[in-house]
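Undergrad: Pasting entry-v2.pdb here (PDB, C-alpha atoms):
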ATOM      1  CA  MET A 472     112.443 101.928  76.881
ATOM      2  CA  SER A 473     109.043 100.325  77.266
ATOM      3  CA  ALA A 474     109.359  99.174  80.851
ATOM      4  CA  THR A 475     105.941  99.103  82.471
ATOM      5  CA  LEU A 476     104.973  99.687  86.057
ATOM      6  CA  PRO A 477     103.961  96.691  88.151
ATOM      7  CA  ALA A 478     100.246  95.901  88.223
ATOM      8  CA  GLY A 479      98.253  97.914  90.734
ATOM      9  CA  PHE A 480     100.700 100.804  90.817
ATOM     10  CA  GLU A 481     100.157 104.140  89.120
ATOM     11  CA  ILE A 482     101.611 107.631  89.087
ATOM     12  CA  LYS A 483      99.138 110.171  87.829
ATOM     13  CA  GLY A 484      98.824 113.910  88.277
ATOM     14  CA  GLY A 485     101.415 114.051  91.028
ATOM     15  CA  GLU A 486      99.832 111.233  92.989
ATOM     16  CA  LEU A 487     101.112 107.785  93.681
ATOM     17  CA  THR A 488      98.357 105.178  93.698
ATOM     18  CA  ILE A 489      98.468 101.573  94.744
ATOM     19  CA  THR A 490      95.560  99.119  94.592
ATOM     20  CA  ARG A 491      94.921  95.690  96.086
ATOM     21  CA  VAL A 492      91.847  93.475  96.340
ATOM     22  CA  PHE A 493      91.459  91.686  99.668
ATOM     23  CA  ASN A 494      89.431  88.540 100.338
ATOM     24  CA  ALA A 495      87.501  90.068 103.194
ATOM     25  CA  PRO A 496      84.260  92.035 103.578
ATOM     26  CA  ARG A 497      84.558  95.817 103.524
ATOM     27  CA  PRO A 498      83.581  96.516 107.155
ATOM     28  CA  LEU A 499      86.310  94.173 108.344
ATOM     29  CA  VAL A 500      88.960  95.737 106.094
ATOM     30  CA  PHE A 501      87.952  99.215 107.231
ATOM     31  CA  ALA A 502      88.100  98.090 110.869
ATOM     32  CA  ALA A 503      91.538  96.565 110.311
ATOM     33  CA  TYR A 504      92.698  99.961 109.072
ATOM     34  CA  THR A 505      91.129 102.093 111.802
ATOM     35  CA  GLU A 506      90.981 100.117 115.060
ATOM     36  CA  PRO A 507      94.064  99.986 117.303
ATOM     37  CA  GLU A 508      93.584  96.292 118.264
ATOM     38  CA  HIS A 509      93.816  95.403 114.582
ATOM     39  CA  LEU A 510      96.502  97.933 113.621
ATOM     40  CA  MET A 511      98.738  96.674 116.440
ATOM     41  CA  ARG A 512      98.857  93.308 114.705
ATOM     42  CA  TRP A 513      99.737  94.223 111.134
ATOM     43  CA  TRP A 514     100.773  97.848 110.554
ATOM     44  CA  GLY A 515     104.387  97.487 111.661
ATOM     45  CA  PRO A 516     106.872  95.524 109.564
ATOM     46  CA  SER A 517     107.968  92.218 111.122
ATOM     47  CA  GLU A 518     111.315  93.673 112.214
ATOM     48  CA  TYR A 519     109.593  96.850 113.478
ATOM     49  CA  PRO A 520     106.338  95.725 115.121
ATOM     50  CA  MET A 521     103.858  98.136 116.668
ATOM     51  CA  ALA A 522     104.596  98.999 120.280
ATOM     52  CA  SER A 523     101.694 101.387 120.877
ATOM     53  CA  CYS A 524      98.715 102.723 118.972
ATOM     54  CA  THR A 525      95.904 105.134 119.755
ATOM     55  CA  VAL A 526      93.128 106.120 117.371
ATOM     56  CA  ASP A 527      90.669 108.995 117.635
ATOM     57  CA  LEU A 528      88.586 108.379 114.520
ATOM     58  CA  ARG A 529      86.957 111.711 113.743
ATOM     59  CA  PRO A 530      87.864 114.674 111.507
ATOM     60  CA  GLY A 531      90.722 116.472 113.262
ATOM     61  CA  GLY A 532      91.385 113.402 115.404
ATOM     62  CA  THR A 533      94.712 111.577 115.325
ATOM     63  CA  TRP A 534      96.129 108.116 114.958
ATOM     64  CA  HIS A 535      99.377 108.078 116.898
ATOM     65  CA  TYR A 536     101.595 105.029 116.936
ATOM     66  CA  CYS A 537     105.029 103.695 117.719
ATOM     67  CA  MET A 538     106.945 100.988 115.914
ATOM     68  CA  LYS A 539     109.879  99.482 117.783
ATOM     69  CA  SER A 540     112.875  97.662 116.355
ATOM     70  CA  ARG A 541     113.193  94.061 117.517
ATOM     71  CA  THR A 542     116.973  94.193 117.372
ATOM     72  CA  THR A 543     117.971  97.688 118.522
ATOM     73  CA  GLY A 544     114.883  98.797 120.418
ATOM     74  CA  ASP A 545     114.818 102.006 118.368
ATOM     75  CA  GLU A 546     111.430 103.662 118.288
ATOM     76  CA  ALA A 547     109.793 105.172 115.207
ATOM     77  CA  TRP A 548     106.795 107.350 115.994
ATOM     78  CA  GLY A 549     104.223 108.284 113.415
ATOM     79  CA  ILE A 550     101.070 110.344 113.453
ATOM     80  CA  ALA A 551      98.128 110.660 111.117
ATOM     81  CA  ILE A 552      95.611 113.489 111.336
ATOM     82  CA  TYR A 553      92.243 112.518 109.927
ATOM     83  CA  SER A 554      90.572 115.107 107.705
ATOM     84  CA  ALA A 555      87.648 113.078 106.315
ATOM     85  CA  ILE A 556      86.005 109.863 107.416
ATOM     86  CA  GLU A 557      83.215 108.038 105.613
ATOM     87  CA  ALA A 558      83.111 104.655 107.303
ATOM     88  CA  PRO A 559      83.498 102.097 105.801
ATOM     89  CA  LYS A 560      84.127 103.670 102.374
ATOM     90  CA  ARG A 561      86.768 106.327 102.596
ATOM     91  CA  LEU A 562      89.432 107.802 104.824
ATOM     92  CA  VAL A 563      91.627 110.871 104.296
ATOM     93  CA  TYR A 564      94.550 111.729 106.550
ATOM     94  CA  THR A 565      97.795 113.634 106.692
ATOM     95  CA  ASP A 566     100.680 111.292 107.317
ATOM     96  CA  ALA A 567     103.605 112.664 109.327
ATOM     97  CA  PHE A 568     106.556 111.723 111.492
ATOM     98  CA  SER A 569     106.226 112.589 115.160
ATOM     99  CA  ASP A 570     107.684 112.098 118.624
ATOM    100  CA  ALA A 571     106.259 110.176 121.573
ATOM    101  CA  GLU A 572     104.199 113.227 122.608
ATOM    102  CA  GLY A 573     102.573 113.478 119.172
ATOM    103  CA  HIS A 574     104.395 116.606 118.002
ATOM    104  CA  ILE A 575     104.814 116.587 114.230
ATOM    105  CA  ASN A 576     108.390 116.525 112.989
ATOM    106  CA  GLU A 577     108.318 119.536 110.655
ATOM    107  CA  ALA A 578     111.705 118.729 109.168
ATOM    108  CA  LEU A 579     110.363 115.652 107.430
ATOM    109  CA  PRO A 580     107.838 115.687 104.583
ATOM    110  CA  THR A 581     104.173 115.058 105.200
ATOM    111  CA  ALA A 582     101.810 113.485 102.718
ATOM    112  CA  GLU A 583      98.076 113.453 102.218
ATOM    113  CA  VAL A 584      96.810 109.894 102.037
ATOM    114  CA  THR A 585      93.370 108.925 100.732
ATOM    115  CA  MET A 586      92.205 105.374 101.301
ATOM    116  CA  THR A 587      89.120 104.095  99.520
ATOM    117  CA  PHE A 588      87.436 100.783 100.252
ATOM    118  CA  GLU A 589      85.148  99.438  97.511
ATOM    119  CA  GLU A 590      83.033  96.309  97.727
ATOM    120  CA  VAL A 591      83.851  93.663  95.137
ATOM    121  CA  GLY A 592      81.024  91.156  95.166
ATOM    122  CA  SER A 593      79.802  90.262  98.640
ATOM    123  CA  ASN A 594      83.007  89.247 100.288
ATOM    124  CA  ARG A 595      85.942  91.066  98.720
ATOM    125  CA  THR A 596      87.229  94.613  99.035
ATOM    126  CA  ARG A 597      89.301  96.731  96.700
ATOM    127  CA  VAL A 598      91.561  99.104  98.618
ATOM    128  CA  VAL A 599      93.099 102.056  96.816
ATOM    129  CA  SER A 600      95.765 104.095  98.546
ATOM    130  CA  THR A 601      96.591 107.470  97.013
ATOM    131  CA  THR A 602      99.504 109.509  98.318
ATOM    132  CA  LYS A 603      99.973 113.134  97.430
ATOM    133  CA  TYR A 604     103.161 114.888  98.429
ATOM    134  CA  ALA A 605     103.369 118.601  99.037
ATOM    135  CA  SER A 606     105.462 119.204  95.943
ATOM    136  CA  GLU A 607     102.859 118.086  93.470
ATOM    137  CA  GLU A 608     104.574 119.359  90.339
ATOM    138  CA  ALA A 609     107.560 117.383  91.440
ATOM    139  CA  LEU A 610     105.812 114.074  91.270
ATOM    140  CA  GLN A 611     104.009 114.819  88.014
ATOM    141  CA  ALA A 612     107.373 114.268  86.519
ATOM    142  CA  VAL A 613     107.343 110.582  87.118
ATOM    143  CA  VAL A 614     104.340 110.095  84.853
ATOM    144  CA  GLN A 615     106.746 108.809  82.265
ATOM    145  CA  MET A 616     108.174 106.209  84.613
ATOM    146  CA  GLY A 617     108.605 103.824  81.721
ATOM    147  CA  MET A 618     111.048 106.239  80.175
ATOM    148  CA  ILE A 619     112.908 106.816  83.408
ATOM    149  CA  GLU A 620     113.166 103.082  84.013
ATOM    150  CA  GLY A 621     114.406 102.659  80.474
ATOM    151  CA  ILE A 622     117.141 105.191  81.063
ATOM    152  CA  THR A 623     118.123 103.852  84.451
ATOM    153  CA  GLU A 624     118.236 100.367  83.021
ATOM    154  CA  THR A 625     120.687 101.575  80.399
ATOM    155  CA  MET A 626     122.651 103.324  83.094
ATOM    156  CA  GLY A 627     122.572 100.189  85.225
ATOM    157  CA  GLN A 628     124.189  98.313  82.377
ATOM    158  CA  LEU A 629     126.780 101.054  82.095
ATOM    159  CA  ASP A 630     127.453 100.828  85.827
ATOM    160  CA  ALA A 631     127.909  97.087  85.542
ATOM    161  CA  LEU A 632     130.297  97.569  82.640
ATOM    162  CA  LEU A 633     132.328 100.167  84.562
ATOM    163  CA  THR A 634     132.538  97.878  87.582
ATOM    164  CA  GLU A 635     133.763  95.069  85.362
ATOM    165  CA  LEU A 636     136.340  97.278  83.706
ATOM    166  CA  GLN A 637     137.628  98.493  87.059
ATOM    167  CA  ALA A 638     137.859  94.964  88.420
ATOM    168  CA  ALA A 639     139.817  93.788  85.390
TER     169      ALA A 639
ATOM    170  CA  MET B 263     111.164 111.038 101.186
ATOM    171  CA  LEU B 264     111.179 113.959  98.859
ATOM    172  CA  SER B 265     114.465 115.679  99.651
ATOM    173  CA  ASP B 266     115.445 118.804  97.766
ATOM    174  CA  PRO B 267     117.687 117.246  95.101
ATOM    175  CA  LEU B 268     114.872 114.834  94.298
ATOM    176  CA  SER B 269     112.381 117.685  93.952
ATOM    177  CA  ALA B 270     114.731 119.358  91.504
ATOM    178  CA  THR B 271     114.993 116.131  89.539
ATOM    179  CA  PHE B 272     111.231 115.658  89.381
ATOM    180  CA  ALA B 273     110.609 119.281  88.468
ATOM    181  CA  ALA B 274     113.153 119.088  85.674
ATOM    182  CA  LEU B 275     111.526 115.902  84.417
ATOM    183  CA  ALA B 276     108.031 117.406  84.420
ATOM    184  CA  ASP B 277     108.470 118.786  80.901
ATOM    185  CA  PRO B 278     108.025 116.368  77.972
ATOM    186  CA  THR B 279     110.661 118.123  75.864
ATOM    187  CA  ARG B 280     113.196 117.753  78.660
ATOM    188  CA  ARG B 281     112.338 114.080  79.012
ATOM    189  CA  ALA B 282     112.821 113.652  75.289
ATOM    190  CA  ILE B 283     116.174 115.430  75.489
ATOM    191  CA  LEU B 284     117.236 112.998  78.200
ATOM    192  CA  ALA B 285     116.061 110.063  76.105
ATOM    193  CA  ARG B 286     118.166 111.363  73.212
ATOM    194  CA  LEU B 287     121.189 111.836  75.480
ATOM    195  CA  SER B 288     120.855 108.275  76.790
ATOM    196  CA  LEU B 289     122.082 107.279  73.305
ATOM    197  CA  GLY B 290     125.190 109.441  73.582
ATOM    198  CA  GLU B 291     126.522 112.990  73.807
ATOM    199  CA  ALA B 292     124.986 115.636  71.573
ATOM    200  CA  SER B 293     125.388 119.325  70.792
ATOM    201  CA  VAL B 294     122.652 121.937  71.151
ATOM    202  CA  LYS B 295     122.237 121.952  67.389
ATOM    203  CA  GLU B 296     121.874 118.178  67.256
ATOM    204  CA  LEU B 297     119.334 118.262  70.077
ATOM    205  CA  SER B 298     117.219 120.988  68.481
ATOM    206  CA  GLU B 299     116.821 119.118  65.174
ATOM    207  CA  PRO B 300     114.431 116.289  66.179
ATOM    208  CA  PHE B 301     112.282 118.552  68.359
ATOM    209  CA  GLN B 302     111.728 121.409  65.906
ATOM    210  CA  ILE B 303     112.523 123.856  68.660
ATOM    211  CA  SER B 304     114.904 126.779  68.268
ATOM    212  CA  PRO B 305     118.397 126.386  69.732
ATOM    213  CA  PRO B 306     117.732 129.193  72.276
ATOM    214  CA  ALA B 307     114.653 127.320  73.569
ATOM    215  CA  ILE B 308     116.693 124.118  73.797
ATOM    216  CA  THR B 309     119.400 126.018  75.673
ATOM    217  CA  LYS B 310     116.779 127.082  78.204
ATOM    218  CA  HIS B 311     115.725 123.472  78.801
ATOM    219  CA  LEU B 312     119.349 122.417  79.033
ATOM    220  CA  LYS B 313     119.938 124.965  81.776
ATOM    221  CA  VAL B 314     117.104 123.469  83.852
ATOM    222  CA  LEU B 315     118.493 119.986  83.307
ATOM    223  CA  GLU B 316     121.992 121.152  84.162
ATOM    224  CA  ARG B 317     120.849 122.828  87.390
ATOM    225  CA  ALA B 318     119.089 119.598  88.401
ATOM    226  CA  GLY B 319     122.335 117.751  87.781
ATOM    227  CA  LEU B 320     120.726 115.582  85.119
ATOM    228  CA  ILE B 321     123.199 116.620  82.445
ATOM    229  CA  THR B 322     126.651 118.149  82.257
ATOM    230  CA  ARG B 323     128.098 120.229  79.434
ATOM    231  CA  SER B 324     131.686 119.920  78.431
ATOM    232  CA  ARG B 325     133.727 123.126  78.572
ATOM    233  CA  ASP B 326     136.514 121.716  76.470
ATOM    234  CA  ALA B 327     135.031 121.756  73.006
ATOM    235  CA  GLN B 328     133.624 124.762  71.184
ATOM    236  CA  TRP B 329     130.320 122.922  70.587
ATOM    237  CA  ARG B 330     129.992 122.059  74.291
ATOM    238  CA  PRO B 331     128.404 118.589  74.034
ATOM    239  CA  CYS B 332     125.724 117.626  76.556
ATOM    240  CA  LYS B 333     126.054 114.425  78.526
ATOM    241  CA  LEU B 334     123.460 112.560  80.569
ATOM    242  CA  GLU B 335     124.214 112.111  84.289
ATOM    243  CA  ALA B 336     122.733 108.901  85.634
ATOM    244  CA  LYS B 337     122.735 109.421  89.386
ATOM    245  CA  PRO B 338     119.762 111.792  89.943
ATOM    246  CA  LEU B 339     117.566 109.717  87.647
ATOM    247  CA  GLN B 340     118.518 106.597  89.530
ATOM    248  CA  GLU B 341     117.681 108.272  92.825
ATOM    249  CA  ALA B 342     114.260 109.382  91.553
ATOM    250  CA  SER B 343     113.523 105.925  90.257
ATOM    251  CA  GLU B 344     114.701 104.345  93.513
ATOM    252  CA  TRP B 345     112.534 106.678  95.576
ATOM    253  CA  VAL B 346     109.417 105.670  93.659
ATOM    254  CA  GLU B 347     110.405 102.025  93.967
ATOM    255  CA  GLN B 348     110.843 102.391  97.733
ATOM    256  CA  TYR B 349     107.424 103.960  98.006
ATOM    257  CA  ARG B 350     105.910 101.102  96.019
ATOM    258  CA  GLN B 351     107.630  98.464  98.150
ATOM    259  CA  LEU B 352     106.479 100.167 101.355
ATOM    260  CA  TRP B 353     102.833  99.858 100.308
ATOM    261  CA  GLU B 354     103.198  96.401  98.763
ATOM    262  CA  SER B 355     104.612  95.003 101.999
ATOM    263  CA  ARG B 356     101.997  96.880 104.049
ATOM    264  CA  PHE B 357      99.244  95.336 101.911
ATOM    265  CA  ASP B 358     100.900  91.909 102.170
ATOM    266  CA  ARG B 359     100.735  92.126 105.954
ATOM    267  CA  LEU B 360      97.109  93.286 105.900
ATOM    268  CA  GLU B 361      96.261  90.402 103.567
ATOM    269  CA  ASP B 362      97.871  87.857 105.902
ATOM    270  CA  TYR B 363      96.218  89.394 108.926
ATOM    271  CA  LEU B 364      92.734  89.419 107.360
ATOM    272  CA  ARG B 365      93.160  85.775 106.359
ATOM    273  CA  GLU B 366      94.263  84.894 109.872
ATOM    274  CA  ILE B 367      91.384  86.583 111.712
ATOM    275  CA  GLN B 368      88.805  85.239 109.261
ATOM    276  CA  ALA B 369      90.188  81.720 109.679
ATOM    277  CA  ALA B 370      89.949  82.153 113.441
ATOM    278  CA  ALA B 371      86.337  83.325 113.125
ATOM    279  CA  ASP B 372      85.543  80.314 110.923
ATOM    280  CA  THR B 373      87.031  77.930 113.467
ATOM    281  CA  GLU B 374      84.855  79.418 116.185
ATOM    282  CA  ALA B 375      81.766  78.973 114.019
ATOM    283  CA  ASN B 376      82.681  75.538 112.690
ATOM    284  CA  SER B 377      79.588  73.886 114.082
ATOM    285  CA  GLU B 378      77.866  75.114 110.886
ATOM    286  CA  PRO B 379      78.708  72.836 107.954
ATOM    287  CA  GLU B 380      77.666  75.464 105.366
ATOM    288  CA  GLN B 381      79.895  77.946 103.551
ATOM    289  CA  PRO B 382      80.883  80.519 106.157
ATOM    290  CA  SER B 383      80.455  83.351 103.673
ATOM    291  CA  ALA B 384      76.794  82.586 102.896
ATOM    292  CA  PRO B 385      74.661  84.862 105.047
ATOM    293  CA  SER B 386      71.695  82.936 106.408
ATOM    294  CA  ALA B 387      69.356  85.921 105.954
ATOM    295  CA  ASN B 388      69.933  85.934 102.190
ATOM    296  CA  ALA B 389      69.522  82.179 101.947
ATOM    297  CA  ARG B 390      66.062  82.465 103.384
ATOM    298  CA  GLN B 391      64.932  85.273 101.138
ATOM    299  CA  GLY B 392      62.129  84.642  98.652
ATOM    300  CA  GLU B 393      60.772  81.624 100.439
TER     301      GLU B 393
END
Would you put the structure from the file into structure tokens?

TA:
Amino acid sequence: MSATLPAGFEIKGGELTITRVFNAPRPLVFAAYTEPEHLMRWWGPSEYPMASCTVDLRPGGTWHYCMKSRTTGDEAWGIAIYSAIEAPKRLVYTDAFSDAEGHINEALPTAEVTMTFEEVGSNRTRVVSTTKYASEEALQAVVQMGMIEGITETMGQLDALLTELQAA
Amino acid sequence: MLSDPLSATFAALADPTRRAILARLSLGEASVKELSEPFQISPPAITKHLKVLERAGLITRSRDAQWRPCKLEAKPLQEASEWVEQYRQLWESRFDRLEDYLREIQAAADTEANSEPEQPSAPSANARQGE
């Protein structure tokens, strides 16, 4: 029952937080996260690379992008609406699904994402991503992840046992 | 994504007593009376928590026996746990890609400036300071 969360990952007060230190100076990391030429090269997963990306970096401005499947050609459009920008320290945006025209898909959940970029020494940067979903009280629940993991682990063992019994 | 059944699961799990009830039920079925003992909460209060857990599909209560034992249902908990894990993996892989990309562009910048034999990270302005 004492399963712990992986390093750099936290669930606190309804927010999911993930941290990583990068071996690069802060202005470069911030640029990589906010400039289309950079985003085009890393934001999309390898099987879903970026196909288009526009950024209007100002409060109320949007970051609109398309990721396209290498195998099926399916397009996945996303949009972020910036609410606060403190270059190169902090960035707050609402993350949503959209279409090619930039209309938000209201049927899917949106999240508020806060990115902070802290200098670590002269040449490293700690990036903290905090995601807050609309149903805050919902996520508060997972504070005791250790317990949940403990239970699911037990249940996983039960599942395995049931599968074995059925196969026999 | 936070679909409705998941929200119900998380909301039900938000209460420490309910989490403790689930932990107890992970050891086996129990009656309301048995559940109320370790928590020093009245059976009616326990019943209230059980109703929330039942609505969220986290437990079921047998209708066969008079004492209606409570039983833990694994599926919603697994889904909640999987959702959090998916979220974590999404960001881990995103950060992995950013890490690779930053390494790549910095290596490219170093190659361009390789006429300088010094450490590329040492700013020349600082090196001169205090002289």

Undergrad: Taking the file as I've supplied it (selection: the PyMOL selection byres ((chain B and resi 349-351) around 10)), which residues are included? Please answer as a list in words.

TA: Pro477, Gly479, Phe480, Glu481, Leu487, Thr488, Ile489 and Thr602 of chain A; Met263, Glu344, Trp345, Val346, Glu347, Gln348, Leu352, Trp353, Glu354, Ser355, Arg356 and Phe357 of chain B

Undergrad: Would you translate the PyMOL selection byres ((chain A and resi 557) around 12) into the concrete set of residues it matches in this file, as a list in words?

TA: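 Applying the expression gives Pro498, Phe501, Thr505, Leu528, Arg529, Pro530, Tyr553, Ser554, Ala555, Ile556, Ala558, Pro559, Lys560, Arg561, Leu562, Val563, Tyr564, Thr585, Met586, Thr587, Phe588 and Glu589 of chain A.
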
Undergrad: Output C-alpha atoms of each residue in that selection to a file, as a short mmCIF file (atom, residue, chain, number, x, y, z; two decimals), in the coordinates of the input.

TA:
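The new file selection.cif reads:
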data_model
loop_
_atom_site.label_atom_id
_atom_site.label_comp_id
_atom_site.auth_asym_id
_atom_site.auth_seq_id
_atom_site.Cartn_x
_atom_site.Cartn_y
_atom_site.Cartn_z
CA PRO A 498 83.58 96.52 107.16
CA PHE A 501 87.95 99.22 107.23
CA THR A 505 91.13 102.09 111.80
CA LEU A 528 88.59 108.38 114.52
CA ARG A 529 86.96 111.71 113.74
CA PRO A 530 87.86 114.67 111.51
CA TYR A 553 92.24 112.52 109.93
CA SER A 554 90.57 115.11 107.70
CA ALA A 555 87.65 113.08 106.32
CA ILE A 556 86.00 109.86 107.42
CA ALA A 558 83.11 104.66 107.30
CA PRO A 559 83.50 102.10 105.80
CA LYS A 560 84.13 103.67 102.37
CA ARG A 561 86.77 106.33 102.60
CA LEU A 562 89.43 107.80 104.82
CA VAL A 563 91.63 110.87 104.30
CA TYR A 564 94.55 111.73 106.55
CA THR A 585 93.37 108.92 100.73
CA MET A 586 92.20 105.37 101.30
CA THR A 587 89.12 104.10 99.52
CA PHE A 588 87.44 100.78 100.25
CA GLU A 589 85.15 99.44 97.51
#

Undergrad: Show me, as JSON, numbers by chain, the residues of chain B whose atoms get within 10 Å of chain A, using all atoms listed in the file for the distance check.

TA: {"B": [263, 264, 265, 268, 269, 270, 271, 272, 273, 274, 275, 276, 277, 278, 281, 282, 284, 285, 287, 288, 289, 334, 335, 336, 337, 338, 339, 340, 341, 342, 343, 344, 346, 347, 349, 350, 352, 353, 354, 355, 356, 357, 358, 359, 360, 361, 362, 363, 364, 365, 367, 368, 383, 384, 385]}

Undergrad: Take atom CA of Thr279 of chain B and atom CA of Ile308 of chain B and report the distance between them in Å, one decimal.

TA: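 Interatomic distance, atom CA of Thr279 of chain B to atom CA of Ile308 of chain B: 8.8 Å.
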
Undergrad: On this structure, which residues satisfy the PyMOL selection byres ((chain B and resi 329) around 12), written as a list in words?

TA: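 On this input, the PyMOL selection byres ((chain B and resi 329) around 12) captures Glu291, Ala292, Ser293, Val294, Lys295, Glu296, Leu297, Arg323, Ser324, Arg325, Asp326, Ala327, Gln328, Arg330, Pro331 and Cys332 of chain B.
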
Undergrad: Atom CA of Val599 of chain A and atom CA of Glu366 of chain B, how far apart in Å?

TA: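 Between these atoms lies a distance of 21.6 Å.
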
Undergrad: So that I can see what lies close to Pro520 of chain A, please list as a list in words the residues with an atom at most 7 Å from it, counting only C-alpha atoms and leaving out residues fewer than 6 positions away in the same chain.

TA: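 In the requested form, the answer reads Met538, Lys539 and Ser540 of chain A.
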
Undergrad: Output C-alpha atoms for every residue in that selection, as a PDB file, in the coordinates of the input.

TA:
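File selection-v6.pdb, as written:
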ATOM      1  CA  MET A 538     106.945 100.988 115.914  1.00  0.00           C
ATOM      2  CA  LYS A 539     109.879  99.482 117.783  1.00  0.00           C
ATOM      3  CA  SER A 540     112.875  97.662 116.355  1.00  0.00           C
TER       4      SER A 540
END

Undergrad: Work out how far atom CA of Tyr536 of chain A is from atom CA of Glu590 of chain A, in Å to one decimal.

TA: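 Distance between the two atoms: 28.1 Å.
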
Undergrad: Please provide the set of residues having any atom within 8 Å of Cys537 of chain A, restricted to all atoms listed in the file, with same-chain residues fewer than 4 positions apart removed, written as a VMD selection string.

TA: chain A and resid 521 to 524 546 to 549 571

Undergrad: Dump C-alpha atoms for the selected residues as a PDB file, keeping the file's coordinate frame?

TA:
ATOM      1  CA  MET A 521     103.858  98.136 116.668  1.00  0.00           C
ATOM      2  CA  ALA A 522     104.596  98.999 120.280  1.00  0.00           C
ATOM      3  CA  SER A 523     101.694 101.387 120.877  1.00  0.00           C
ATOM      4  CA  CYS A 524      98.715 102.723 118.972  1.00  0.00           C
ATOM      5  CA  GLU A 546     111.430 103.662 118.288  1.00  0.00           C
ATOM      6  CA  ALA A 547     109.793 105.172 115.207  1.00  0.00           C
ATOM      7  CA  TRP A 548     106.795 107.350 115.994  1.00  0.00           C
ATOM      8  CA  GLY A 549     104.223 108.284 113.415  1.00  0.00           C
ATOM      9  CA  ALA A 571     106.259 110.176 121.573  1.00  0.00           C
TER      10      ALA A 571
END

Undergrad: Which of these residues is nearest to Asp545 of chain A, using all atoms listed in the file: A:Gly532, A:Thr565, A:Glu518, A:Arg595?

TA: A:Glu518
